[in-house]
file coords00.txt (compact mmCIF, C-alpha atoms)
# COMPACT_ATOMS: atom_id res chain seq x y z
CA MET A 8 229.73 158.26 156.93
CA ARG A 9 233.46 158.12 157.58
CA PRO A 10 234.06 161.76 156.52
CA VAL A 11 231.07 162.92 158.54
CA LEU A 12 232.22 161.14 161.70
CA GLU A 13 235.77 162.40 161.22
CA HIS A 14 234.46 165.95 160.73
CA TYR A 15 232.41 165.84 163.92
CA ARG A 16 235.30 164.29 165.80
CA SER A 17 237.54 167.19 164.68
CA LEU A 18 234.94 169.75 165.80
CA ILE A 19 234.56 168.29 169.28
CA PRO A 20 237.70 166.32 170.14
CA GLY A 21 237.51 164.31 173.32
CA GLN A 22 233.70 164.30 173.38
CA ASP A 23 231.59 161.18 172.95
CA LEU A 24 229.86 160.91 169.60
CA VAL A 25 226.58 159.03 169.33
CA LEU A 26 224.95 157.88 166.11
CA ARG A 27 221.28 156.99 166.16
CA GLY A 28 219.71 155.45 163.07
CA ASP A 29 216.59 153.75 161.83
CA SER A 30 216.58 150.30 160.28
CA GLY A 31 217.70 151.66 156.90
CA PHE A 32 221.12 152.13 158.50
CA THR A 33 221.37 148.48 159.52
CA VAL A 34 224.55 147.66 157.64
CA PRO A 35 227.54 145.87 159.16
CA GLY A 36 230.00 148.36 157.69
CA LEU A 37 228.46 151.15 159.75
CA TYR A 38 228.80 149.20 163.00
CA LYS A 39 232.43 148.44 162.20
CA LEU A 40 233.12 152.08 161.31
CA CYS A 41 231.57 153.32 164.56
CA GLU A 42 233.52 150.76 166.57
CA GLU A 43 236.74 151.70 164.77
CA LYS A 44 236.17 155.43 165.36
CA ASP A 45 234.99 155.04 168.99
CA VAL A 46 231.50 156.28 168.14
CA PHE A 47 228.56 154.99 170.16
CA TYR A 48 225.60 153.80 168.10
CA ALA A 49 221.99 152.81 168.60
CA ILE A 50 220.39 151.60 165.38
CA ARG A 51 216.92 150.14 165.12
CA LEU A 52 216.65 146.69 163.60
CA LYS A 53 213.81 145.35 161.53
CA ALA A 54 212.18 142.38 163.20
CA ASN A 55 212.90 138.97 161.73
CA ARG A 56 212.17 135.39 162.70
CA LYS A 57 215.31 134.97 164.84
CA LEU A 58 214.83 138.25 166.70
CA ASP A 59 211.15 137.46 167.25
CA GLU A 60 212.09 134.03 168.65
CA LYS A 61 214.58 135.62 171.05
CA ALA A 62 211.95 138.17 172.12
CA GLN A 63 209.37 135.43 172.69
CA LYS A 64 211.82 133.54 174.92
CA GLN A 65 212.39 136.73 176.93
CA VAL A 66 208.61 137.17 177.33
CA GLU A 67 208.21 133.56 178.48
CA GLU A 68 211.04 133.92 181.01
CA ARG A 69 209.54 137.13 182.36
CA GLN A 70 206.09 135.54 182.65
CA LYS A 71 207.58 132.76 184.79
CA LYS A 72 208.97 135.36 187.21
CA GLN A 73 206.22 137.97 187.17
CA ALA A 74 202.46 137.80 186.73
CA MET A 75 201.38 139.67 183.61
CA PRO A 76 197.60 139.27 183.33
CA VAL A 77 196.30 138.94 179.78
CA GLY A 78 194.71 142.18 178.65
CA ALA A 79 196.74 144.37 180.99
CA ARG A 80 199.33 146.70 179.51
CA ALA A 81 202.87 145.47 180.10
CA VAL A 82 206.29 146.84 179.13
CA PHE A 83 209.76 145.58 179.88
CA TYR A 84 213.24 145.99 178.51
CA THR A 85 215.80 143.30 177.91
CA GLU A 86 218.97 142.56 176.02
CA PHE A 87 220.69 139.65 174.35
CA SER A 88 223.55 138.82 172.07
CA TYR A 89 222.65 138.44 168.40
CA ARG A 90 224.57 137.78 165.23
CA ALA A 91 222.90 138.40 161.89
CA ALA A 92 224.17 136.34 158.97
CA SER A 93 225.89 139.39 157.45
CA TRP A 94 227.69 140.40 160.67
CA ASP A 95 231.26 139.38 161.46
CA ARG A 96 230.38 138.81 165.12
CA ALA A 97 227.58 138.92 167.65
CA ARG A 98 226.52 142.33 168.95
CA ARG A 99 224.39 143.59 171.81
CA VAL A 100 220.72 144.01 170.97
CA VAL A 101 218.38 145.72 173.39
CA ALA A 102 214.65 145.31 173.12
CA LYS A 103 211.52 146.99 174.34
CA LEU A 104 208.74 144.43 174.64
CA GLU A 105 205.38 146.10 174.97
CA ARG A 106 201.91 144.65 175.13
CA PRO A 107 199.22 147.32 174.73
CA GLU A 108 196.11 147.11 176.89
CA ASP A 109 193.59 144.52 175.67
CA GLU A 110 196.16 142.92 173.36
CA LEU A 111 197.39 139.34 173.51
CA PHE A 112 200.89 139.66 172.06
CA PHE A 113 203.94 141.76 172.85
CA GLN A 114 205.22 144.14 170.19
CA PRO A 115 209.02 144.27 170.07
CA THR A 116 211.36 147.13 169.24
CA PHE A 117 214.95 146.02 168.60
CA ILE A 118 218.06 148.21 168.70
CA VAL A 119 221.64 147.12 168.04
CA THR A 120 224.09 149.09 170.14
CA ASN A 121 227.60 149.28 171.50
CA MET A 122 226.50 151.42 174.44
CA THR A 123 226.79 150.13 177.98
CA LEU A 124 223.68 151.94 179.22
CA SER A 125 220.83 149.82 180.54
CA ALA A 126 218.50 148.41 177.89
CA LYS A 127 215.76 150.77 179.00
CA ARG A 128 217.98 153.87 178.75
CA VAL A 129 219.17 152.93 175.26
CA VAL A 130 215.60 152.48 174.03
CA VAL A 131 214.13 155.52 175.79
CA ASN A 132 216.95 157.81 174.62
CA SER A 133 216.60 156.51 171.05
CA ILE A 134 212.85 157.07 171.04
CA ARG A 135 213.25 160.60 172.45
CA THR A 136 215.78 161.41 169.73
CA GLU A 137 213.44 160.05 167.08
CA ALA A 138 210.56 162.14 168.42
CA ARG A 139 212.71 165.31 168.28
CA TRP A 140 213.58 164.64 164.66
CA LYS A 141 209.92 164.29 163.71
CA THR A 142 208.88 167.66 165.17

call {"tool": "encode", "arguments": {"input": "coords00.txt", "output": "C-alpha cells"}}
result
Amino acid sequence: MRPVLEHYRSLIPGQDLVLRGDSGFTVPGLYKLCEEKDVFYAIRLKANRKLDEKAQKQVEERQKKQAMPVGARAVFYTEFSYRAASWDRARRVVAKLERPEDELFFQPTFIVTNMTLSAKRVVVNSIRTEARWKT
C-alpha cells in the first residue's frame, strides 16, 4: 500500500487522503502506514468477544439514559478506545449499534479510525462508500 498511497499523494498534494477498507484490511501495519503518511482511515473490524463486551456495555449505558422498548427498532452510534493484542497502542473504534424491529439484541458494526468526525459520520460515510463500490 505504501507505493499506492505515495502515488496518490503525489497526484493530489495538499489534499486529504482517506482509505476505507473491509475487515480483510485489519492489519496493524496498515494503520501505522496511514498514520505515518497522514492518511485518514476507516476500516471495518470483525466482531470479537472484547468488542462485543464493549458494545454491550454501551447498550446498557444507553438503556439507563433512554427508554428503548423491546421490539422497537433502535440505532445509536458510539465510540471507545480499543487495543487489539496485535496493535502497538489503543486506537479509536466507532460503532453502530442497531436493533432491528422485533429483535431482542443489538447488532454491532465496528470501525477503527483515525478520523475526528463524529462516530455517526464515520459509519455513515463508510457505509455509503461501500454501497457505491457494490453498484

call {"tool": "residues_around", "arguments": {"input": "coords00.txt", "residues": "stretch 74-77 of chain A", "least_positions_apart": "3", "cutoff": "8 Å", "atoms": "all atoms listed in the file", "output": "list in words"}}
result
Gln70, Lys71, Ala81, Asp109, Glu110 and Leu111 of chain A

call {"tool": "atom_distance", "arguments": {"input": "coords00.txt", "atom1": "atom CA of A:Gln65", "atom2": "atom CA of A:Tyr84"}}
result
9.4 Å

call {"tool": "closest_residue", "arguments": {"input": "coords00.txt", "among": "A:Trp94, A:Ala54, A:Asn132, A:Phe87", "to": "A:Pro115", "atoms": "all atoms listed in the file"}}
result
A:Ala54

call {"tool": "atom_distance", "arguments": {"input": "coords00.txt", "atom1": "atom CA of A:Asp45", "atom2": "atom CA of A:Asp23"}}
result
8.1 Å

call {"tool": "closest_residue", "arguments": {"input": "coords00.txt", "among": "A:Val119, A:Leu124, A:Val129, A:Leu26", "to": "A:Arg51", "atoms": "only C-alpha atoms"}}
result
A:Val119

call {"tool": "residues_around", "arguments": {"input": "coords00.txt", "residues": "A:Val101", "least_positions_apart": "2", "cutoff": "6 Å", "atoms": "only C-alpha atoms", "output": "ChimeraX atom specification"}}
result
/A:85-86,117-118,126

call {"tool": "closest_residue", "arguments": {"input": "coords00.txt", "among": "A:Leu12, A:Leu104, A:Ile19, A:Val82", "to": "A:Glu42", "atoms": "all atoms listed in the file"}}
result
A:Leu12

call {"tool": "atom_distance", "arguments": {"input": "coords00.txt", "atom1": "atom CA of A:Leu37", "atom2": "atom CA of A:Glu105"}}
result
28.1 Å

call {"tool": "residues_near_point", "arguments": {"input": "coords00.txt", "point": "(221.4, 147.8, 158.0)", "cutoff": "12 Å", "atoms": "all atoms listed in the file", "output": "PyMOL selection string"}}
result
chain A and resi 28-39+49-54+91-94+118-119

call {"tool": "closest_residue", "arguments": {"input": "coords00.txt", "among": "A:Lys44, A:Lys127, A:Lys61, A:Arg90", "to": "A:Tyr15", "atoms": "only C-alpha atoms"}}
result
A:Lys44

call {"tool": "closest_residue", "arguments": {"input": "coords00.txt", "among": "A:Gln114, A:Gln73, A:Tyr48, A:Gln63", "to": "A:Val100", "atoms": "all atoms listed in the file"}}
result
A:Tyr48

call {"tool": "closest_residue", "arguments": {"input": "coords00.txt", "among": "A:Val66, A:Val46, A:Met122, A:Cys41", "to": "A:Gly21", "atoms": "only C-alpha atoms"}}
result
A:Val46

call {"tool": "decode", "arguments": {"input": "coords00.txt", "residues": "stretch 22-137 of chain A", "atoms": "C-alpha atoms", "output": "PDB file, in the first residue's frame"}}
result
ATOM      1  CA  GLN A  22      -5.379  17.137  -0.238  1.00  0.00           C
ATOM      2  CA  ASP A  23      -6.651  14.779   2.437  1.00  0.00           C
ATOM      3  CA  LEU A  24      -6.452  11.112   1.523  1.00  0.00           C
ATOM      4  CA  VAL A  25      -8.944   8.678   3.008  1.00  0.00           C
ATOM      5  CA  LEU A  26      -8.624   4.904   2.967  1.00  0.00           C
ATOM      6  CA  ARG A  27     -11.719   2.826   3.591  1.00  0.00           C
ATOM      7  CA  GLY A  28     -11.375  -0.930   3.973  1.00  0.00           C
ATOM      8  CA  ASP A  29     -13.261  -4.025   4.982  1.00  0.00           C
ATOM      9  CA  SER A  30     -12.132  -6.338   7.763  1.00  0.00           C
ATOM     10  CA  GLY A  31      -9.642  -8.093   5.471  1.00  0.00           C
ATOM     11  CA  PHE A  32      -7.532  -4.932   5.750  1.00  0.00           C
ATOM     12  CA  THR A  33      -7.435  -5.096   9.547  1.00  0.00           C
ATOM     13  CA  VAL A  34      -3.674  -5.265   9.927  1.00  0.00           C
ATOM     14  CA  PRO A  35      -1.654  -3.078  12.299  1.00  0.00           C
ATOM     15  CA  GLY A  36       0.923  -2.267   9.630  1.00  0.00           C
ATOM     16  CA  LEU A  37      -1.728  -0.530   7.539  1.00  0.00           C
ATOM     17  CA  TYR A  38      -2.825   1.677  10.443  1.00  0.00           C
ATOM     18  CA  LYS A  39       0.781   2.619  11.140  1.00  0.00           C
ATOM     19  CA  LEU A  40       1.421   3.362   7.459  1.00  0.00           C
ATOM     20  CA  CYS A  41      -1.662   5.585   7.214  1.00  0.00           C
ATOM     21  CA  GLU A  42      -0.701   7.412  10.395  1.00  0.00           C
ATOM     22  CA  GLU A  43       2.870   7.865   9.146  1.00  0.00           C
ATOM     23  CA  LYS A  44       1.678   9.189   5.763  1.00  0.00           C
ATOM     24  CA  ASP A  45      -1.090  11.409   7.213  1.00  0.00           C
ATOM     25  CA  VAL A  46      -3.812   9.352   5.546  1.00  0.00           C
ATOM     26  CA  PHE A  47      -7.209   9.105   7.218  1.00  0.00           C
ATOM     27  CA  TYR A  48      -8.612   5.593   7.507  1.00  0.00           C
ATOM     28  CA  ALA A  49     -11.865   3.878   8.366  1.00  0.00           C
ATOM     29  CA  ILE A  50     -11.513   0.099   8.394  1.00  0.00           C
ATOM     30  CA  ARG A  51     -14.223  -2.299   9.469  1.00  0.00           C
ATOM     31  CA  LEU A  52     -13.330  -4.714  12.237  1.00  0.00           C
ATOM     32  CA  LYS A  53     -14.607  -8.226  12.666  1.00  0.00           C
ATOM     33  CA  ALA A  54     -16.517  -8.608  15.901  1.00  0.00           C
ATOM     34  CA  ASN A  55     -14.801 -10.469  18.707  1.00  0.00           C
ATOM     35  CA  ARG A  56     -15.522 -11.148  22.351  1.00  0.00           C
ATOM     36  CA  LYS A  57     -13.832  -7.963  23.634  1.00  0.00           C
ATOM     37  CA  LEU A  58     -15.520  -5.703  21.083  1.00  0.00           C
ATOM     38  CA  ASP A  59     -18.876  -7.347  21.772  1.00  0.00           C
ATOM     39  CA  GLU A  60     -18.393  -6.787  25.519  1.00  0.00           C
ATOM     40  CA  LYS A  61     -17.613  -3.107  24.937  1.00  0.00           C
ATOM     41  CA  ALA A  62     -20.677  -2.794  22.697  1.00  0.00           C
ATOM     42  CA  GLN A  63     -22.895  -4.460  25.309  1.00  0.00           C
ATOM     43  CA  LYS A  64     -21.677  -2.002  27.955  1.00  0.00           C
ATOM     44  CA  GLN A  65     -22.528   0.882  25.612  1.00  0.00           C
ATOM     45  CA  VAL A  66     -26.028  -0.559  25.082  1.00  0.00           C
ATOM     46  CA  GLU A  67     -26.552  -0.936  28.837  1.00  0.00           C
ATOM     47  CA  GLU A  68     -25.408   2.647  29.485  1.00  0.00           C
ATOM     48  CA  ARG A  69     -27.721   3.959  26.772  1.00  0.00           C
ATOM     49  CA  GLN A  70     -30.659   1.976  28.149  1.00  0.00           C
ATOM     50  CA  LYS A  71     -30.137   3.605  31.561  1.00  0.00           C
ATOM     51  CA  LYS A  72     -30.419   7.057  29.957  1.00  0.00           C
ATOM     52  CA  GLN A  73     -33.049   6.436  27.299  1.00  0.00           C
ATOM     53  CA  ALA A  74     -36.057   4.143  27.073  1.00  0.00           C
ATOM     54  CA  MET A  75     -35.646   1.636  24.248  1.00  0.00           C
ATOM     55  CA  PRO A  76     -38.719  -0.604  24.301  1.00  0.00           C
ATOM     56  CA  VAL A  77     -38.045  -4.228  23.400  1.00  0.00           C
ATOM     57  CA  GLY A  78     -39.207  -4.957  19.873  1.00  0.00           C
ATOM     58  CA  ALA A  79     -38.851  -1.372  18.675  1.00  0.00           C
ATOM     59  CA  ARG A  80     -36.138  -0.560  16.166  1.00  0.00           C
ATOM     60  CA  ALA A  81     -33.248   1.329  17.741  1.00  0.00           C
ATOM     61  CA  VAL A  82     -29.963   2.677  16.358  1.00  0.00           C
ATOM     62  CA  PHE A  83     -27.215   4.649  18.006  1.00  0.00           C
ATOM     63  CA  TYR A  84     -23.581   5.409  17.410  1.00  0.00           C
ATOM     64  CA  THR A  85     -20.788   5.395  19.921  1.00  0.00           C
ATOM     65  CA  GLU A  86     -17.034   5.232  20.231  1.00  0.00           C
ATOM     66  CA  PHE A  87     -14.415   3.859  22.559  1.00  0.00           C
ATOM     67  CA  SER A  88     -10.726   3.204  22.803  1.00  0.00           C
ATOM     68  CA  TYR A  89      -9.643  -0.333  21.945  1.00  0.00           C
ATOM     69  CA  ARG A  90      -6.345  -2.129  21.691  1.00  0.00           C
ATOM     70  CA  ALA A  91      -6.199  -5.482  19.935  1.00  0.00           C
ATOM     71  CA  ALA A  92      -3.436  -7.833  21.042  1.00  0.00           C
ATOM     72  CA  SER A  93      -1.533  -7.268  17.781  1.00  0.00           C
ATOM     73  CA  TRP A  94      -1.677  -3.451  17.962  1.00  0.00           C
ATOM     74  CA  ASP A  95       1.117  -1.324  19.405  1.00  0.00           C
ATOM     75  CA  ARG A  96      -1.390   1.014  21.047  1.00  0.00           C
ATOM     76  CA  ALA A  97      -5.076   1.684  21.565  1.00  0.00           C
ATOM     77  CA  ARG A  98      -6.998   3.245  18.688  1.00  0.00           C
ATOM     78  CA  ARG A  99     -10.392   4.868  18.259  1.00  0.00           C
ATOM     79  CA  VAL A 100     -13.182   2.474  17.370  1.00  0.00           C
ATOM     80  CA  VAL A 101     -16.587   3.774  16.371  1.00  0.00           C
ATOM     81  CA  ALA A 102     -19.622   1.554  16.432  1.00  0.00           C
ATOM     82  CA  LYS A 103     -23.103   1.480  15.033  1.00  0.00           C
ATOM     83  CA  LEU A 104     -25.369  -0.456  17.366  1.00  0.00           C
ATOM     84  CA  GLU A 105     -28.612  -1.373  15.677  1.00  0.00           C
ATOM     85  CA  ARG A 106     -31.527  -3.431  16.876  1.00  0.00           C
ATOM     86  CA  PRO A 107     -33.932  -4.287  14.061  1.00  0.00           C
ATOM     87  CA  GLU A 108     -37.659  -4.170  14.740  1.00  0.00           C
ATOM     88  CA  ASP A 109     -38.950  -7.219  16.640  1.00  0.00           C
ATOM     89  CA  GLU A 110     -35.416  -8.282  17.591  1.00  0.00           C
ATOM     90  CA  LEU A 111     -34.046  -8.636  21.098  1.00  0.00           C
ATOM     91  CA  PHE A 112     -30.343  -7.949  20.560  1.00  0.00           C
ATOM     92  CA  PHE A 113     -28.330  -5.133  19.025  1.00  0.00           C
ATOM     93  CA  GLN A 114     -26.167  -5.918  16.003  1.00  0.00           C
ATOM     94  CA  PRO A 115     -22.850  -4.062  16.088  1.00  0.00           C
ATOM     95  CA  THR A 116     -20.728  -2.677  13.270  1.00  0.00           C
ATOM     96  CA  PHE A 117     -17.196  -1.739  14.347  1.00  0.00           C
ATOM     97  CA  ILE A 118     -14.802   0.578  12.500  1.00  0.00           C
ATOM     98  CA  VAL A 119     -11.273   1.516  13.556  1.00  0.00           C
ATOM     99  CA  THR A 120     -10.413   5.050  12.508  1.00  0.00           C
ATOM    100  CA  ASN A 121      -8.083   7.968  12.983  1.00  0.00           C
ATOM    101  CA  MET A 122     -10.722  10.451  11.820  1.00  0.00           C
ATOM    102  CA  THR A 123     -12.083  13.068  14.185  1.00  0.00           C
ATOM    103  CA  LEU A 124     -15.576  13.056  12.671  1.00  0.00           C
ATOM    104  CA  SER A 125     -18.456  12.034  14.908  1.00  0.00           C
ATOM    105  CA  ALA A 126     -18.993   8.292  15.257  1.00  0.00           C
ATOM    106  CA  LYS A 127     -22.171   8.536  13.196  1.00  0.00           C
ATOM    107  CA  ARG A 128     -20.465  10.390  10.328  1.00  0.00           C
ATOM    108  CA  VAL A 129     -17.606   7.884  10.188  1.00  0.00           C
ATOM    109  CA  VAL A 130     -20.029   4.957  10.000  1.00  0.00           C
ATOM    110  CA  VAL A 131     -22.490   6.569   7.586  1.00  0.00           C
ATOM    111  CA  ASN A 132     -19.728   7.734   5.223  1.00  0.00           C
ATOM    112  CA  SER A 133     -18.117   4.275   5.304  1.00  0.00           C
ATOM    113  CA  ILE A 134     -21.414   2.556   4.527  1.00  0.00           C
ATOM    114  CA  ARG A 135     -22.145   4.969   1.658  1.00  0.00           C
ATOM    115  CA  THR A 136     -18.711   4.295   0.190  1.00  0.00           C
ATOM    116  CA  GLU A 137     -19.264   0.555   0.492  1.00  0.00           C
TER     117      GLU A 137
END
